Each structure stands twice: as C-alpha cells, then as structure tokens.
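One file, structure-v1.json, is given below (JSON, C-alpha atoms).
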```
[["chain", "number", "residue", "atom", "x", "y", "z"],
["A", 1, "MET", "CA", 202.47, 139.06, 84.15],
["A", 2, "THR", "CA", 205.41, 136.83, 84.95],
["A", 3, "ASP", "CA", 205.06, 137.07, 88.75],
["A", 4, "SER", "CA", 202.93, 134.05, 89.68],
["A", 5, "TRP", "CA", 201.25, 135.65, 92.67],
["A", 6, "GLN", "CA", 199.96, 138.52, 90.52],
["A", 7, "THR", "CA", 198.64, 136.54, 87.55],
["A", 8, "ILE", "CA", 195.04, 135.73, 88.58],
["A", 9, "ARG", "CA", 194.06, 139.26, 89.48],
["A", 10, "GLU", "CA", 195.86, 140.84, 86.56],
["A", 11, "VAL", "CA", 194.26, 138.48, 84.04],
["A", 12, "LYS", "CA", 190.87, 139.28, 85.59],
["A", 13, "GLN", "CA", 191.49, 143.02, 85.14],
["A", 14, "VAL", "CA", 192.63, 142.58, 81.53],
["A", 15, "ALA", "CA", 189.53, 140.51, 80.70],
["A", 16, "ALA", "CA", 187.17, 142.98, 82.39],
["A", 17, "LYS", "CA", 188.65, 145.97, 80.56],
["A", 18, "SER", "CA", 188.60, 144.10, 77.24],
["A", 19, "GLU", "CA", 184.95, 143.16, 77.71],
["A", 20, "LYS", "CA", 184.01, 146.74, 78.48],
["A", 21, "ALA", "CA", 185.91, 148.13, 75.49],
["A", 22, "SER", "CA", 184.77, 145.53, 72.97],
["A", 23, "GLY", "CA", 181.34, 144.51, 74.20],
["A", 24, "VAL", "CA", 182.42, 140.88, 73.71],
["A", 25, "GLU", "CA", 182.11, 138.47, 76.63],
["A", 26, "PHE", "CA", 185.34, 136.68, 77.50],
["A", 27, "ILE", "CA", 185.49, 133.09, 78.72],
["A", 28, "LYS", "CA", 187.44, 133.40, 81.98],
["A", 29, "MET", "CA", 189.61, 130.50, 83.10],
["A", 30, "GLU", "CA", 191.80, 132.36, 85.58],
["A", 31, "MET", "CA", 189.59, 131.64, 88.60],
["A", 32, "GLY", "CA", 187.95, 128.42, 89.73],
["A", 33, "ILE", "CA", 184.37, 129.69, 89.82],
["A", 34, "PRO", "CA", 182.04, 126.67, 90.00],
["A", 35, "GLY", "CA", 179.22, 128.14, 87.90],
["A", 36, "LEU", "CA", 176.78, 125.53, 89.24],
["A", 37, "PRO", "CA", 173.80, 126.25, 91.51],
["A", 38, "ALA", "CA", 174.66, 126.17, 95.19],
["A", 39, "ALA", "CA", 173.65, 123.01, 97.06],
["A", 40, "GLN", "CA", 169.96, 123.52, 97.84],
["A", 41, "VAL", "CA", 170.21, 122.06, 101.33],
["A", 42, "GLY", "CA", 172.71, 124.79, 102.19],
["A", 43, "VAL", "CA", 170.56, 127.55, 100.70],
["A", 44, "ASP", "CA", 167.48, 126.35, 102.59],
["A", 45, "ALA", "CA", 169.38, 126.12, 105.88],
["A", 46, "GLN", "CA", 170.87, 129.58, 105.40],
["A", 47, "VAL", "CA", 167.48, 131.15, 104.66],
["A", 48, "LYS", "CA", 166.01, 129.51, 107.77],
["A", 49, "ALA", "CA", 168.93, 130.67, 109.91],
["A", 50, "LEU", "CA", 168.45, 134.27, 108.72],
["A", 51, "GLN", "CA", 164.72, 134.07, 109.36],
["A", 52, "ASP", "CA", 165.45, 132.74, 112.86],
["A", 53, "GLY", "CA", 167.55, 135.83, 113.61],
["A", 54, "ILE", "CA", 171.14, 134.59, 113.31],
["A", 55, "ALA", "CA", 172.27, 137.85, 111.67],
["A", 56, "HIS", "CA", 171.77, 140.00, 114.77],
["A", 57, "SER", "CA", 174.50, 138.41, 116.90],
["A", 58, "TYR", "CA", 178.20, 137.74, 116.56],
["A", 59, "PRO", "CA", 178.92, 134.02, 116.14],
["A", 60, "ASP", "CA", 180.56, 131.94, 118.84],
["A", 61, "ILE", "CA", 184.20, 133.01, 118.83],
["A", 62, "GLN", "CA", 185.31, 129.35, 118.69],
["A", 63, "GLY", "CA", 182.85, 128.63, 115.89],
["A", 64, "ALA", "CA", 179.27, 127.42, 116.20],
["A", 65, "PRO", "CA", 179.33, 124.01, 117.94],
["A", 66, "VAL", "CA", 176.87, 122.57, 115.41],
["A", 67, "LEU", "CA", 179.24, 123.53, 112.57],
["A", 68, "LYS", "CA", 182.33, 122.20, 114.34],
["A", 69, "GLU", "CA", 180.61, 118.90, 115.02],
["A", 70, "ALA", "CA", 179.37, 118.67, 111.43],
["A", 71, "ALA", "CA", 182.89, 119.41, 110.13],
["A", 72, "SER", "CA", 184.33, 116.63, 112.28],
["A", 73, "GLN", "CA", 181.70, 114.21, 110.96],
["A", 74, "PHE", "CA", 182.33, 115.35, 107.38],
["A", 75, "VAL", "CA", 186.06, 114.64, 107.71],
["A", 76, "LYS", "CA", 185.31, 111.18, 109.08],
["A", 77, "ALA", "CA", 182.72, 110.46, 106.38],
["A", 78, "PHE", "CA", 184.69, 111.54, 103.30],
["A", 79, "ILE", "CA", 188.36, 111.43, 104.36],
["A", 80, "GLY", "CA", 188.18, 108.56, 106.83],
["A", 81, "ILE", "CA", 190.14, 110.50, 109.47],
["A", 82, "ASP", "CA", 189.15, 111.19, 113.09],
["A", 83, "ILE", "CA", 189.46, 114.84, 114.17],
["A", 84, "LYS", "CA", 187.61, 116.09, 117.25],
["A", 85, "PRO", "CA", 185.21, 119.03, 116.79],
["A", 86, "GLU", "CA", 187.44, 121.29, 118.91],
["A", 87, "GLY", "CA", 190.10, 121.17, 116.16],
["A", 88, "CYS", "CA", 187.67, 122.05, 113.34],
["A", 89, "ILE", "CA", 187.87, 125.84, 113.10],
["A", 90, "PRO", "CA", 185.31, 127.69, 110.93],
["A", 91, "VAL", "CA", 186.94, 130.30, 108.69],
["A", 92, "THR", "CA", 185.70, 132.83, 106.16],
["A", 93, "GLY", "CA", 187.00, 130.84, 103.22],
["A", 94, "SER", "CA", 190.21, 128.82, 103.00],
["A", 95, "MET", "CA", 192.17, 131.97, 102.16],
["A", 96, "GLN", "CA", 191.49, 133.29, 105.67],
["A", 97, "GLY", "CA", 192.30, 129.85, 107.01],
["A", 98, "THR", "CA", 195.70, 129.87, 105.30],
["A", 99, "PHE", "CA", 196.41, 133.42, 106.48],
["A", 100, "ALA", "CA", 195.85, 132.54, 110.14],
["A", 101, "SER", "CA", 197.67, 129.21, 109.72],
["A", 102, "PHE", "CA", 200.70, 130.80, 108.06],
["A", 103, "LEU", "CA", 200.80, 133.46, 110.76],
["A", 104, "THR", "CA", 200.77, 130.94, 113.59],
["A", 105, "CYS", "CA", 203.03, 128.30, 112.08],
["A", 106, "SER", "CA", 205.68, 130.84, 111.08],
["A", 107, "GLN", "CA", 205.95, 131.85, 114.76],
["A", 108, "ARG", "CA", 205.88, 128.43, 116.43],
["A", 109, "ASP", "CA", 209.64, 127.79, 116.14],
["A", 110, "LYS", "CA", 212.24, 130.50, 115.71],
["A", 111, "GLN", "CA", 214.41, 128.08, 113.73],
["A", 112, "LYS", "CA", 211.59, 127.33, 111.25],
["A", 113, "ASP", "CA", 210.56, 130.59, 109.65],
["A", 114, "THR", "CA", 210.08, 129.59, 106.00],
["A", 115, "VAL", "CA", 207.15, 128.09, 104.10],
["A", 116, "LEU", "CA", 207.82, 125.62, 101.30],
["A", 117, "PHE", "CA", 205.32, 125.47, 98.43],
["A", 118, "ILE", "CA", 205.04, 122.40, 96.24],
["A", 119, "ASP", "CA", 204.04, 124.11, 93.00],
["A", 120, "PRO", "CA", 201.85, 124.49, 91.01],
["A", 121, "GLY", "CA", 199.95, 126.14, 93.83],
["A", 122, "PHE", "CA", 197.54, 128.95, 94.59],
["A", 123, "PRO", "CA", 199.42, 132.22, 93.90],
["A", 124, "VAL", "CA", 197.48, 134.30, 96.42],
["A", 125, "GLN", "CA", 198.97, 132.30, 99.28],
["A", 126, "LYS", "CA", 202.41, 133.58, 98.34],
["A", 127, "MET", "CA", 200.99, 137.09, 98.37],
["A", 128, "GLN", "CA", 199.72, 136.47, 101.91],
["A", 129, "LEU", "CA", 203.26, 135.64, 103.00],
["A", 130, "GLU", "CA", 204.53, 138.77, 101.27],
["A", 131, "VAL", "CA", 202.04, 140.79, 103.34],
["A", 132, "MET", "CA", 203.20, 139.11, 106.56],
["A", 133, "GLY", "CA", 206.88, 139.37, 105.70],
["A", 134, "VAL", "CA", 207.30, 135.59, 106.01],
["A", 135, "LYS", "CA", 209.92, 133.87, 103.89],
["A", 136, "TYR", "CA", 209.00, 131.14, 101.46],
["A", 137, "GLN", "CA", 210.63, 128.79, 98.96],
["A", 138, "THR", "CA", 209.12, 126.83, 96.11],
["A", 139, "PHE", "CA", 209.82, 124.11, 93.58],
["A", 140, "ASP", "CA", 207.81, 122.69, 90.70],
["A", 141, "VAL", "CA", 206.63, 119.16, 91.41],
["A", 142, "TYR", "CA", 206.61, 118.25, 87.69],
["A", 143, "ASP", "CA", 210.18, 116.97, 87.67],
["A", 144, "PHE", "CA", 209.97, 115.36, 91.13],
["A", 145, "ARG", "CA", 207.17, 112.82, 91.08],
["A", 146, "GLY", "CA", 207.31, 109.46, 92.81],
["A", 147, "GLU", "CA", 210.54, 108.57, 94.62],
["A", 148, "LYS", "CA", 212.19, 111.82, 93.47],
["A", 149, "LEU", "CA", 209.76, 113.83, 95.60],
["A", 150, "GLY", "CA", 211.15, 112.52, 98.89],
["A", 151, "LEU", "CA", 214.73, 113.38, 97.98],
["A", 152, "LYS", "CA", 213.71, 116.87, 96.88],
["A", 153, "LEU", "CA", 211.67, 117.54, 100.01],
["A", 154, "GLU", "CA", 214.41, 116.31, 102.32],
["A", 155, "SER", "CA", 216.74, 118.96, 100.93],
["A", 156, "TYR", "CA", 214.35, 121.63, 102.28],
["A", 157, "LEU", "CA", 212.79, 120.18, 105.40],
["A", 158, "SER", "CA", 214.53, 122.10, 108.09],
["A", 159, "LYS", "CA", 211.67, 124.53, 107.42],
["A", 160, "ASP", "CA", 207.89, 124.56, 107.47],
["A", 161, "LYS", "CA", 206.31, 123.63, 104.19],
["A", 162, "TYR", "CA", 203.01, 123.81, 102.42],
["A", 163, "SER", "CA", 201.72, 120.87, 100.43],
["A", 164, "ASN", "CA", 199.40, 122.29, 97.81],
["A", 165, "PRO", "CA", 199.59, 120.94, 94.26],
["A", 166, "ASN", "CA", 195.81, 120.59, 93.98],
["A", 167, "ASN", "CA", 194.79, 124.26, 93.75],
["A", 168, "PRO", "CA", 194.45, 125.43, 91.05],
["A", 169, "SER", "CA", 196.33, 122.93, 88.89],
["A", 170, "TRP", "CA", 194.26, 119.77, 89.60],
["A", 171, "ILE", "CA", 197.46, 117.74, 89.93],
["A", 172, "CYS", "CA", 196.82, 114.89, 92.38],
["A", 173, "LEU", "CA", 199.63, 113.50, 94.48],
["A", 174, "ARG", "CA", 199.71, 109.73, 94.58],
["A", 175, "GLU", "CA", 199.34, 107.77, 97.80],
["A", 176, "GLU", "CA", 203.03, 106.88, 97.92],
["A", 177, "GLU", "CA", 203.94, 110.56, 97.52],
["A", 178, "LEU", "CA", 201.64, 111.59, 100.37],
["A", 179, "LYS", "CA", 203.24, 108.85, 102.49],
["A", 180, "VAL", "CA", 206.69, 110.30, 101.83],
["A", 181, "ILE", "CA", 205.49, 113.81, 102.73],
["A", 182, "GLY", "CA", 203.92, 112.57, 105.96],
["A", 183, "GLU", "CA", 206.93, 110.54, 107.05],
["A", 184, "LEU", "CA", 209.31, 113.44, 106.41],
["A", 185, "ALA", "CA", 206.98, 115.85, 108.24],
["A", 186, "THR", "CA", 207.20, 113.62, 111.30],
["A", 187, "LYS", "CA", 210.95, 113.13, 110.97],
["A", 188, "TYR", "CA", 211.70, 116.87, 110.71],
["A", 189, "ASP", "CA", 208.79, 118.09, 112.86],
["A", 190, "THR", "CA", 207.33, 120.00, 109.93],
["A", 191, "ILE", "CA", 203.67, 121.04, 109.73],
["A", 192, "VAL", "CA", 201.92, 120.17, 106.48],
["A", 193, "MET", "CA", 199.11, 122.50, 105.40],
["A", 194, "GLU", "CA", 197.06, 120.58, 102.88],
["A", 195, "ASP", "CA", 194.74, 122.62, 100.68],
["A", 196, "LEU", "CA", 191.66, 120.60, 99.71],
["A", 197, "ALA", "CA", 189.98, 123.28, 97.60],
["A", 198, "TYR", "CA", 188.92, 120.73, 94.99],
["A", 199, "PHE", "CA", 187.67, 118.27, 97.55],
["A", 200, "ALA", "CA", 186.79, 114.80, 96.21],
["A", 201, "MET", "CA", 187.08, 116.00, 92.60],
["A", 202, "ASP", "CA", 189.40, 113.25, 91.44],
["A", 203, "PHE", "CA", 186.66, 111.73, 89.31],
["A", 204, "ARG", "CA", 188.71, 108.69, 88.36],
["A", 205, "LYS", "CA", 187.03, 107.04, 91.33],
["A", 206, "ASP", "CA", 183.77, 107.58, 93.20],
["A", 207, "LEU", "CA", 184.52, 109.55, 96.38],
["A", 208, "SER", "CA", 180.91, 110.55, 97.02],
["A", 209, "LYS", "CA", 179.81, 107.76, 99.37],
["A", 210, "PRO", "CA", 180.11, 108.74, 103.07],
["A", 211, "PHE", "CA", 181.81, 106.41, 105.54],
["A", 212, "GLU", "CA", 182.85, 104.13, 102.69],
["A", 213, "ALA", "CA", 186.13, 103.71, 100.84],
["A", 214, "PRO", "CA", 187.60, 105.04, 98.65],
["A", 215, "TYR", "CA", 188.21, 108.28, 100.56],
["A", 216, "GLN", "CA", 189.74, 111.61, 99.63],
["A", 217, "ALA", "CA", 193.53, 111.16, 99.52],
["A", 218, "THR", "CA", 195.37, 112.98, 102.30],
["A", 219, "VAL", "CA", 198.70, 113.29, 104.07],
["A", 220, "ALA", "CA", 196.74, 112.89, 107.33],
["A", 221, "ARG", "CA", 197.07, 109.11, 107.09],
["A", 222, "TYR", "CA", 200.85, 109.35, 107.46],
["A", 223, "THR", "CA", 201.58, 112.03, 110.08],
["A", 224, "ASP", "CA", 200.02, 113.89, 112.99],
["A", 225, "ASN", "CA", 201.64, 117.14, 111.85],
["A", 226, "TYR", "CA", 198.89, 118.31, 109.53],
["A", 227, "MET", "CA", 196.23, 120.93, 108.98],
["A", 228, "LEU", "CA", 193.50, 120.40, 106.39],
["A", 229, "LEU", "CA", 192.00, 123.42, 104.63],
["A", 230, "ILE", "CA", 188.52, 122.51, 103.41],
["A", 231, "SER", "CA", 186.51, 125.01, 101.38],
["A", 232, "GLY", "CA", 182.81, 125.05, 100.57],
["A", 233, "SER", "CA", 183.41, 127.09, 97.41],
["A", 234, "LYS", "CA", 183.90, 124.24, 94.95],
["A", 235, "ALA", "CA", 182.51, 121.20, 96.76],
["A", 236, "PHE", "CA", 179.14, 122.86, 97.42],
["A", 237, "SER", "CA", 179.24, 125.65, 94.79],
["A", 238, "TYR", "CA", 179.19, 128.13, 97.67],
["A", 239, "ALA", "CA", 181.97, 130.42, 96.49],
["A", 240, "GLY", "CA", 180.02, 133.60, 97.13],
["A", 241, "GLU", "CA", 179.61, 132.88, 100.84],
["A", 242, "ARG", "CA", 183.32, 132.45, 101.65],
["A", 243, "ILE", "CA", 182.96, 129.49, 104.00],
["A", 244, "GLY", "CA", 185.42, 126.82, 105.02],
["A", 245, "VAL", "CA", 187.05, 125.01, 107.93],
["A", 246, "THR", "CA", 190.62, 124.52, 109.03],
["A", 247, "CYS", "CA", 190.87, 121.04, 110.55],
["A", 248, "ILE", "CA", 193.85, 120.47, 112.83],
["A", 249, "SER", "CA", 194.94, 117.01, 113.92],
["A", 250, "ASP", "CA", 194.15, 116.16, 117.54],
["A", 251, "ALA", "CA", 197.83, 115.70, 118.33],
["A", 252, "LEU", "CA", 198.93, 119.02, 116.79],
["A", 253, "PHE", "CA", 195.98, 120.89, 118.30],
["A", 254, "HIS", "CA", 197.18, 120.02, 121.82],
["A", 255, "ARG", "CA", 200.89, 120.58, 121.31],
["A", 256, "HIS", "CA", 202.74, 123.26, 123.25],
["A", 257, "PHE", "CA", 205.26, 125.55, 121.54],
["A", 258, "ASP", "CA", 207.55, 127.63, 123.73],
["A", 259, "ALA", "CA", 207.92, 130.36, 121.09],
["A", 260, "LEU", "CA", 204.16, 130.89, 120.97],
["A", 261, "SER", "CA", 203.85, 130.94, 124.75],
["A", 262, "GLU", "CA", 206.63, 133.50, 124.99],
["A", 263, "ARG", "CA", 205.14, 135.69, 122.28],
["A", 264, "TYR", "CA", 201.51, 135.68, 123.47],
["A", 265, "GLN", "CA", 201.79, 135.28, 127.25],
["A", 266, "GLY", "CA", 200.21, 138.67, 128.00],
["A", 267, "LEU", "CA", 196.94, 138.06, 126.20],
["A", 268, "PRO", "CA", 193.85, 138.20, 128.42],
["A", 269, "PHE", "CA", 191.71, 135.34, 127.09],
["A", 270, "GLU", "CA", 192.03, 131.61, 127.60],
["A", 271, "PHE", "CA", 191.02, 129.13, 124.90],
["A", 272, "TRP", "CA", 187.54, 128.13, 125.95],
["A", 273, "TYR", "CA", 187.37, 124.61, 124.58],
["A", 274, "GLU", "CA", 190.68, 123.50, 126.07],
["A", 275, "PRO", "CA", 192.46, 125.96, 128.43],
["A", 276, "GLN", "CA", 195.84, 124.26, 128.07],
["A", 277, "CYS", "CA", 195.81, 124.21, 124.26],
["A", 278, "PRO", "CA", 198.66, 126.32, 122.85],
["A", 279, "VAL", "CA", 197.64, 126.32, 119.19],
["A", 280, "CYS", "CA", 194.45, 127.85, 117.86],
["A", 281, "PHE", "CA", 193.46, 129.81, 114.80],
["A", 282, "GLY", "CA", 191.11, 132.74, 114.13],
["A", 283, "CYS", "CA", 187.52, 131.71, 113.60],
["A", 284, "HIS", "CA", 186.13, 134.50, 111.50],
["A", 285, "ALA", "CA", 188.92, 136.95, 110.68],
["A", 286, "GLU", "CA", 192.66, 136.84, 111.10],
["A", 287, "SER", "CA", 192.49, 140.00, 113.27],
["A", 288, "ARG", "CA", 190.72, 137.98, 115.96],
["A", 289, "LEU", "CA", 193.67, 135.67, 116.46],
["A", 290, "ARG", "CA", 195.22, 137.89, 119.13],
["A", 291, "ARG", "CA", 191.96, 138.42, 120.98],
["A", 292, "GLN", "CA", 190.86, 134.83, 121.33],
["A", 293, "VAL", "CA", 193.97, 132.83, 122.16],
["A", 294, "ARG", "CA", 196.17, 132.67, 125.19],
["A", 295, "PHE", "CA", 199.23, 130.42, 125.25],
["A", 296, "PRO", "CA", 199.77, 129.50, 128.92],
["A", 297, "GLN", "CA", 203.35, 129.15, 130.09],
["A", 298, "GLY", "CA", 204.28, 125.58, 130.81],
["A", 299, "GLY", "CA", 200.94, 124.31, 129.43]]
```
In structure tokens, what does this structure look like?
Amino acid sequence: MTDSWQTIREVKQVAAKSEKASGVEFIKMEMGIPGLPAAQVGVDAQVKALQDGIAHSYPDIQGAPVLKEAASQFVKAFIGIDIKPEGCIPVTGSMQGTFASFLTCSQRDKQKDTVLFIDPGFPVQKMQLEVMGVKYQTFDVYDFRGEKLGLKLESYLSKDKYSNPNNPSWICLREEELKVIGELATKYDTIVMEDLAYFAMDFRKDLSKPFEAPYQATVARYTDNYMLLISGSKAFSYAGERIGVTCISDALFHRHFDALSERYQGLPFEFWYEPQCPVCFGCHAESRLRRQVRFPQGG
C-alpha cells in the first residue's frame, strides 16, 4: 500500500474484510466521513423539492439558477470574495468538479500540460489524472513552509498546479503562503485549483459568522487565476448526496484560450449564460462537458 493514490480504497477493503472475518467492528480513519446528522434545513428543502416533483426532470444544464445565486452569496458571506453566479457551477461532489477542472485546464495551453500537487493531498485526484493520461508532479509541503514555499513553487511554475494541502491532512496554509501562491500564479499565468473540502474547519478562530471577518483563508485574495472547489460533504454533513460547486473567478471565467477554441470549435452548443465565454465546466457529470460548451473562435 505504498502508492498514495491507492491507499484509501485499499485500507477500506482491508477493514471491511477483517470486520467480516472477525465480527469485530473497526474504527475507520481512512475516509473523512462526517458522522454527524445532515443539516436539517437541507433535508427539509430536499424533501420538499422531491414532493414538488423535481425528480422527474433533468436539471438546468448550467445549474439551477437558485443554487448558483446561493453559491455566489455563500462565497461572499464566508470567504469575503465576489464571484458572479454564472461562475458558480454545481457539480456532483468536488471529485467531479476536479475531474472536469483538470480536464479543461490541462488542455487550455499546449505548453502547460502538467498538474502540480502540494502534498499532503487527496490521493484520488492523482488517480483522476492517471485516468485522463495527464502528467503531474508533487512535493511535500512539510519542508517548504513560509518563505521556502515560494522558492520551491517557482522551480515548477511553468506548469499548471493544484494547491491542496487541506484535504485530507488538515494542514492549513498561512496567509503569507497563500499570498506567495497567488502572486506566482499571476506571474506565470498558472491556474490554482483550491480544494476547500474542510471548509471553515480551522477552529482556532470563529469562521461561522456570515459577512463578517474573519473569513475562510483563500488564494482568491491574491490572484484572479483561481478555481474554488467547495463541497457540501463535510461542511453540511451531506456526504451521501455528493453535492458541491466549482467557483471560478470572474476574470478567469471570461478568459479566452486559443487551444480550447481550436479543440472544441465544432461543438454545436453555445454557453447560454455568456455566449462569448471560452471556459466552462460540466454541471452534473464530466461526460456533459463536450455537449454543453462551445468555444467560439476569436471570442
């Protein structure tokens, strides 16, 4: 079990087989299962939506407007960042959000075809890249905290990177470290994908008050080249429903990339919210990416 991207699932299998053979329940620490009751307001709203008939129709391909608007408000309330609803893309869990994001970002620039992980990180995301055939590199942040982080990152940043020390390790980057990441992302035109699986769970300070500092720490204060992956699994104990949003900065959402236009110019559908937008991500499954996005030439 030395391969990091295999560990979680293999440990789960070992524990399950051991439980079955011994009849003894194992305490499992390989997955971040909340174990708390789901937020009641979410349960009540979901029951009402089902009773009102939501299950009989496919959702809006861009995401339900009420959810996109709520996501935008949530980001403003608890991160203190302005992102328009059009850039808040509902996804079936952050894992689907990362899949679609990796797929798109790895194709945006032919000279930038590698993802950099700041480890410890979520092993399954490396598996996703293995599935896609996308290259990645990684380094352990332990020996590169503070000022050392900038020097280490700059040795890699001709390539796309992924900033994700928070899932599942609970390591929190400090504000000065996020500032360095943001400034380098702007300097090298690198897109930062920030995984906020454990949203507002730095309990050293109270992050629970909406529209009031302190806010969730984020690289978004220091660059426009960011995507935030926000999951409902931990924050709302809604792991079983696989819900989340990928929130793309307004500036990045409206950027044009020649490589994407060239690759997808034959697709039949325009982006409904903003016809000239060249970057968009699947709303409900990564297989929808090709069907819902058109990258207009010269847009």
If you count only C-alpha atoms, which residues fall within 12 Å of region 34-44 of chain A, apart from same-chain ones fewer than 5 positions away, as a list in words? Lys28, Met29, Ala49, Leu50, Gln51, Ala197, Tyr198, Gly232, Ser233, Lys234, Ala235, Phe236, Ser237, Tyr238, Ala239, Gly240, Glu241 and Ile243 of chain A
Pick out the closest residue to Gln73 (chain A) from this set: A:Tyr222, A:Phe211, A:Phe99, A:Phe203. Count all atoms listed in the file. A:Phe211
Got a sec: who's within 7 Å of region 53-68 of chain A, counting only C-alpha atoms, leaving out chain neighbours fewer than 2 positions off, as an NGL selection string? :A and (49-51 or 70-72 or 85-86 or 88-90 or 283)
Selection near Glu177 (chain A), 8 Å with all atoms listed in the file, sequence-local residues under 6 positions removed, as an MDAnalysis selection string: chainID A and resid 145:147 149:150
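All residues of protein, DNA or RNA that reach within 12 Å of Tyr156 (chain A), judged by all atoms listed in the file and not counting those fewer than 3 positions away in the chain, are Lys112, Thr114, Val115, Leu116, Phe117, Ile118, Tyr136, Gln137, Thr138, Phe139, Leu149, Gly150, Leu151, Lys152, Leu153, Lys159, Asp160, Lys161, Tyr162, Ile181, Leu184, Ala185, Tyr188 and Thr190 of chain A.
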Can you work out which one of A:Val47, A:Tyr215, A:Lys110, A:Leu196 has the shortest atom-to-atom distance to Val245 (chain A), counting only C-alpha atoms? A:Leu196
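Using all atoms listed in the file, the shortest contact distance between Arg221 (chain A) and any of A:Ile171, A:Leu103, A:Val14, A:Glu176 is found at A:Glu176.
Minimum atom-to-atom distance to Ala220 (chain A), evaluated using all atoms listed in the file, belongs to A:Gly80 out of A:Gly133, A:Gly93, A:Gly80, A:Gly244.
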Given the point (193.8, 111.5, 106.3) in the file's coordinates, find the residues that have an atom at most 12 Å from it, counting only C-alpha atoms, and give them as a PyMOL selection string. chain A and resi 75-83+175+178-179+182+192+194+196+214-228+247-249
What is the distance between CA of Lys126 (chain A) and CA of Lys187 (chain A), in Å to one decimal? 25.5 Å
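With distances restricted to all atoms listed in the file, A:Cys172 is the closest residue to Arg204 (chain A) from A:Val180, A:Val91, A:Val124, A:Cys172.
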Could you jot down the CA of Ser94 (chain A) to CA of Ile230 (chain A) separation for me, Å, one decimal place? 6.5 Å
Selection: 12 Å around region 21-26 of chain A, all atoms listed in the file, excl. self and same-chain fewer than 5 positions, as a PyMOL selection string: chain A and resi 11-16
Of the candidates A:Gln125, A:Asp195, A:Ser101, A:Leu157, which shows the shortest atom-to-atom distance to Ser231 (chain A), using all atoms listed in the file? A:Asp195
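For the pair CA of Ala251 (chain A) and CA of Met201 (chain A), the interatomic distance is 27.9 Å.
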